[in-house]
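*Asks:* What follows is protein.txt, compact mmCIF, C-alpha atoms.
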```txt
# COMPACT_ATOMS: atom_id res chain seq x y z
CA MET U 1 0.61 -14.86 16.99
CA THR U 2 1.65 -15.09 13.36
CA LEU U 3 4.01 -12.42 12.05
CA LEU U 4 3.86 -11.78 8.31
CA TYR U 5 6.03 -9.76 5.99
CA LEU U 6 3.88 -8.12 3.31
CA ASP U 7 5.55 -7.62 -0.01
CA THR U 8 4.38 -4.96 -2.42
CA ASN U 9 2.58 -7.47 -4.64
CA VAL U 10 0.28 -8.54 -1.77
CA ILE U 11 -0.61 -4.96 -0.96
CA LEU U 12 -1.27 -4.04 -4.58
CA ALA U 13 -3.27 -7.22 -5.21
CA ARG U 14 -5.57 -6.21 -2.35
CA TYR U 15 -6.73 -3.18 -4.36
CA ALA U 16 -6.70 -4.69 -7.86
CA SER U 17 -9.78 -6.86 -8.29
CA ASN U 18 -8.52 -8.22 -11.60
CA GLU U 19 -5.40 -9.76 -10.00
CA PRO U 20 -5.51 -13.55 -9.52
CA GLN U 21 -4.47 -13.22 -5.85
CA HIS U 22 -6.92 -10.41 -5.05
CA GLU U 23 -9.21 -12.40 -2.75
CA ALA U 24 -6.31 -14.01 -0.87
CA ALA U 25 -4.60 -10.63 -0.41
CA LYS U 26 -7.88 -9.05 0.69
CA ASN U 27 -8.42 -11.77 3.30
CA ILE U 28 -4.87 -11.52 4.63
CA ILE U 29 -5.05 -7.76 5.02
CA LYS U 30 -8.49 -8.02 6.63
CA ARG U 31 -7.10 -10.45 9.22
CA ILE U 32 -4.19 -8.11 9.88
CA GLU U 33 -6.47 -5.12 10.36
CA GLU U 34 -8.70 -7.13 12.69
CA GLY U 35 -5.66 -7.99 14.83
CA GLU U 36 -5.59 -11.69 14.04
CA MET U 37 -2.08 -11.39 12.57
CA ASN U 38 0.87 -9.07 13.04
CA ALA U 39 2.40 -7.74 9.86
CA MET U 40 5.28 -5.66 8.73
CA THR U 41 6.73 -4.37 5.52
CA SER U 42 9.69 -2.29 4.49
CA VAL U 43 9.52 1.44 3.99
CA LEU U 44 10.73 0.59 0.49
CA THR U 45 7.26 -0.83 -0.09
CA LEU U 46 5.97 2.75 -0.11
CA LEU U 47 8.38 3.61 -2.91
CA GLU U 48 7.38 0.52 -4.85
CA VAL U 49 3.67 1.28 -4.42
CA ALA U 50 4.26 4.85 -5.63
CA SER U 51 6.24 3.62 -8.62
CA VAL U 52 3.72 0.97 -9.68
CA THR U 53 0.67 3.19 -9.30
CA ALA U 54 2.32 6.09 -11.14
CA ARG U 55 3.20 3.79 -14.05
CA ALA U 56 -0.32 2.27 -14.07
CA TYR U 57 -1.99 5.70 -14.14
CA GLU U 58 -3.76 5.09 -17.43
CA ARG U 59 -5.69 2.16 -15.89
CA PHE U 60 -7.14 4.46 -13.24
CA VAL U 61 -7.92 7.55 -15.29
CA ASP U 62 -11.54 6.45 -15.75
CA VAL U 63 -12.01 6.42 -11.96
CA GLY U 64 -12.16 10.20 -12.06
CA GLU U 65 -10.92 12.38 -14.81
CA ASP U 66 -10.03 15.08 -12.28
CA MET U 67 -7.51 12.80 -10.61
CA LYS U 68 -3.96 13.42 -11.72
CA ARG U 69 -1.16 10.86 -11.65
CA GLY U 70 0.09 12.25 -8.34
CA ASP U 71 -3.40 12.19 -6.80
CA ILE U 72 -3.80 8.50 -7.54
CA THR U 73 -0.33 7.70 -6.25
CA VAL U 74 -0.99 9.60 -3.01
CA ALA U 75 -4.36 7.84 -2.61
CA PHE U 76 -2.67 4.44 -2.77
CA LEU U 77 0.08 5.53 -0.40
CA ARG U 78 -2.53 6.74 2.08
CA ARG U 79 -4.21 3.33 1.92
CA VAL U 80 -0.96 1.54 2.69
CA VAL U 81 0.08 3.92 5.46
CA GLY U 82 -3.42 3.72 6.92
CA LEU U 83 -3.52 -0.06 7.20
CA VAL U 84 -4.19 -0.90 10.83
CA ASN U 85 -1.62 -3.16 12.50
CA LEU U 86 0.89 -2.87 9.65
CA ASN U 87 4.32 -1.84 10.90
CA PHE U 88 7.16 -0.51 8.80
CA ILE U 89 10.73 -1.75 9.07
CA PRO U 90 13.00 1.28 9.00
CA MET U 91 16.08 1.43 6.85
CA GLY U 92 19.46 2.63 8.01
CA GLY U 93 19.45 6.39 8.37
CA GLU U 94 16.47 8.63 8.40
CA ILE U 95 13.76 8.68 5.75
CA ASN U 96 11.15 11.40 5.68
CA LEU U 97 8.20 11.05 3.40
CA LYS U 98 5.49 13.66 3.15
CA ILE U 99 2.17 12.49 1.77
CA ALA U 100 -0.43 15.22 1.46
CA GLU U 101 0.56 17.06 4.63
CA GLN U 102 1.14 13.88 6.61
CA ASN U 103 4.73 13.29 7.67
CA LEU U 104 5.83 9.68 7.91
```
Please render this file's structure as structure tokens.

*Replies:*
Amino acid sequence: MTLLYLDTNVILARYASNEPQHEAAKNIIKRIEEGEMNAMTSVLTLLEVASVTARAYERFVDVGEDMKRGDITVAFLRRVVGLVNLNFIPMGGEINLKIAEQNL
């Protein structure tokens, strides 16, 4: 079975319909979640996703005016952490990340 490493740009493109690689990223992640491919990414991807979404906050404000910068960032992190069949490569040492009462 194919083993893929997902970089942050693939994960973010999956959720940004205006990105040129959106459809390709969407299809790759769908195949991973359906078990057709094995995939992994670094725990640093979570930090990159948080950084990018926090900086792009203004693009998402119209989604819901009640959503704060942190809410949007946590929503994206939940999506990434919740991807079925996506494994995380640990870094040296221990990393604890708490996302809305969910310890990772």

*Asks:* Which residue, U:Gln21, U:Asn27, U:Asn38, U:Thr8, has the smallest gap to Phe76 (chain U) when you use all atoms listed in the file?

*Replies:*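 Closest candidate: U:Thr8.
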
*Asks:* Which is closer to Lys68 (chain U) than all the others in U:Thr53, U:Pro20, U:Ile29, U:Gly82, using all atoms listed in the file?

*Replies:*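 Between U:Thr53, U:Pro20, U:Ile29, U:Gly82, the residue approaching Lys68 (chain U) most closely is U:Thr53.
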
*Asks:* Identify which of the residues U:Thr2, U:Leu86, U:Val49, U:Met91 lies closest to Glu36 (chain U), counting only C-alpha atoms when measuring atom-to-atom distances.

*Replies:*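 The shortest atom-to-atom distance to Glu36 (chain U) comes from U:Thr2.
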
*Asks:* So that I can see what lies close to Thr73 (chain U), please list as an MDAnalysis selection string the residues with an atom at most 10 Å from it, counting all atoms listed in the file and leaving out residues fewer than 5 positions away in the same chain.

*Replies:* chainID U and resid 49:57 67:68 78 99

*Asks:* I'd like the contact shell of Arg14 (chain U) - 6 Å cut-off, only C-alpha atoms, skipping same-chain residues fewer than 6 positions apart - returned as a PyMOL selection string.

*Replies:* chain U and resi 22+25-26

*Asks:* Store the residues of this selection in a file with C-alpha atoms, as a CSV table (one decimal), in the frame of the given file.

*Replies:*
```csv
chain,number,residue,atom,x,y,z
U,22,HIS,CA,-6.9,-10.4,-5.0
U,25,ALA,CA,-4.6,-10.6,-0.4
U,26,LYS,CA,-7.9,-9.0,0.7
```

*Asks:* Between CA of Ala24 (chain U) and CA of Gly70 (chain U), what is the distance in Å, rounded to a tenth?

*Replies:*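 For CA of Ala24 (chain U) relative to CA of Gly70 (chain U), the distance reads 28.0 Å.
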
*Asks:* Rounded to one decimal, what separation in Å do you get between CA of Asn85 (chain U) and CA of Leu12 (chain U)?

*Replies:* 17.1 Å

*Asks:* Which of these residues is nearest to Glu48 (chain U), using all atoms listed in the file: U:Glu23, U:Asn9, U:Pro90, U:Val84?

*Replies:*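 Closest candidate: U:Asn9.
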
*Asks:* Rank U:Ile28, U:Met37, U:Asp71, U:Ser42 by their smallest atom-to-atom distance to Asp7 (chain U), using only C-alpha atoms, and report the top residue only.

*Replies:*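 Going through U:Ile28, U:Met37, U:Asp71, U:Ser42 one by one, the smallest distance to Asp7 (chain U) is for U:Ser42.
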
*Asks:* Could you check which of U:Leu4, U:Leu83, U:Leu77, U:Ile72 is closest to Leu44 (chain U), using all atoms listed in the file?

*Replies:* U:Leu77

*Asks:* Adding 6 Å on each side of the box along x, y and z that holds all listed atoms of region 74-91 of chain U, could you give its centre and edge lengths in Å to one decimal, as AutoDock Vina command-line options?

*Replies:*
```
--center_x 5.9 --center_y 3.2 --center_z 4.7 --size_x 32.4 --size_y 24.8 --size_z 27.5
```

*Asks:* Can you tell me how far CA of Asn18 (chain U) sits from CA of Ile89 (chain U), in Å to one decimal?

*Replies:*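 Taking CA of Asn18 (chain U) as the start and CA of Ile89 (chain U) as the end point, the length is 29.0 Å.
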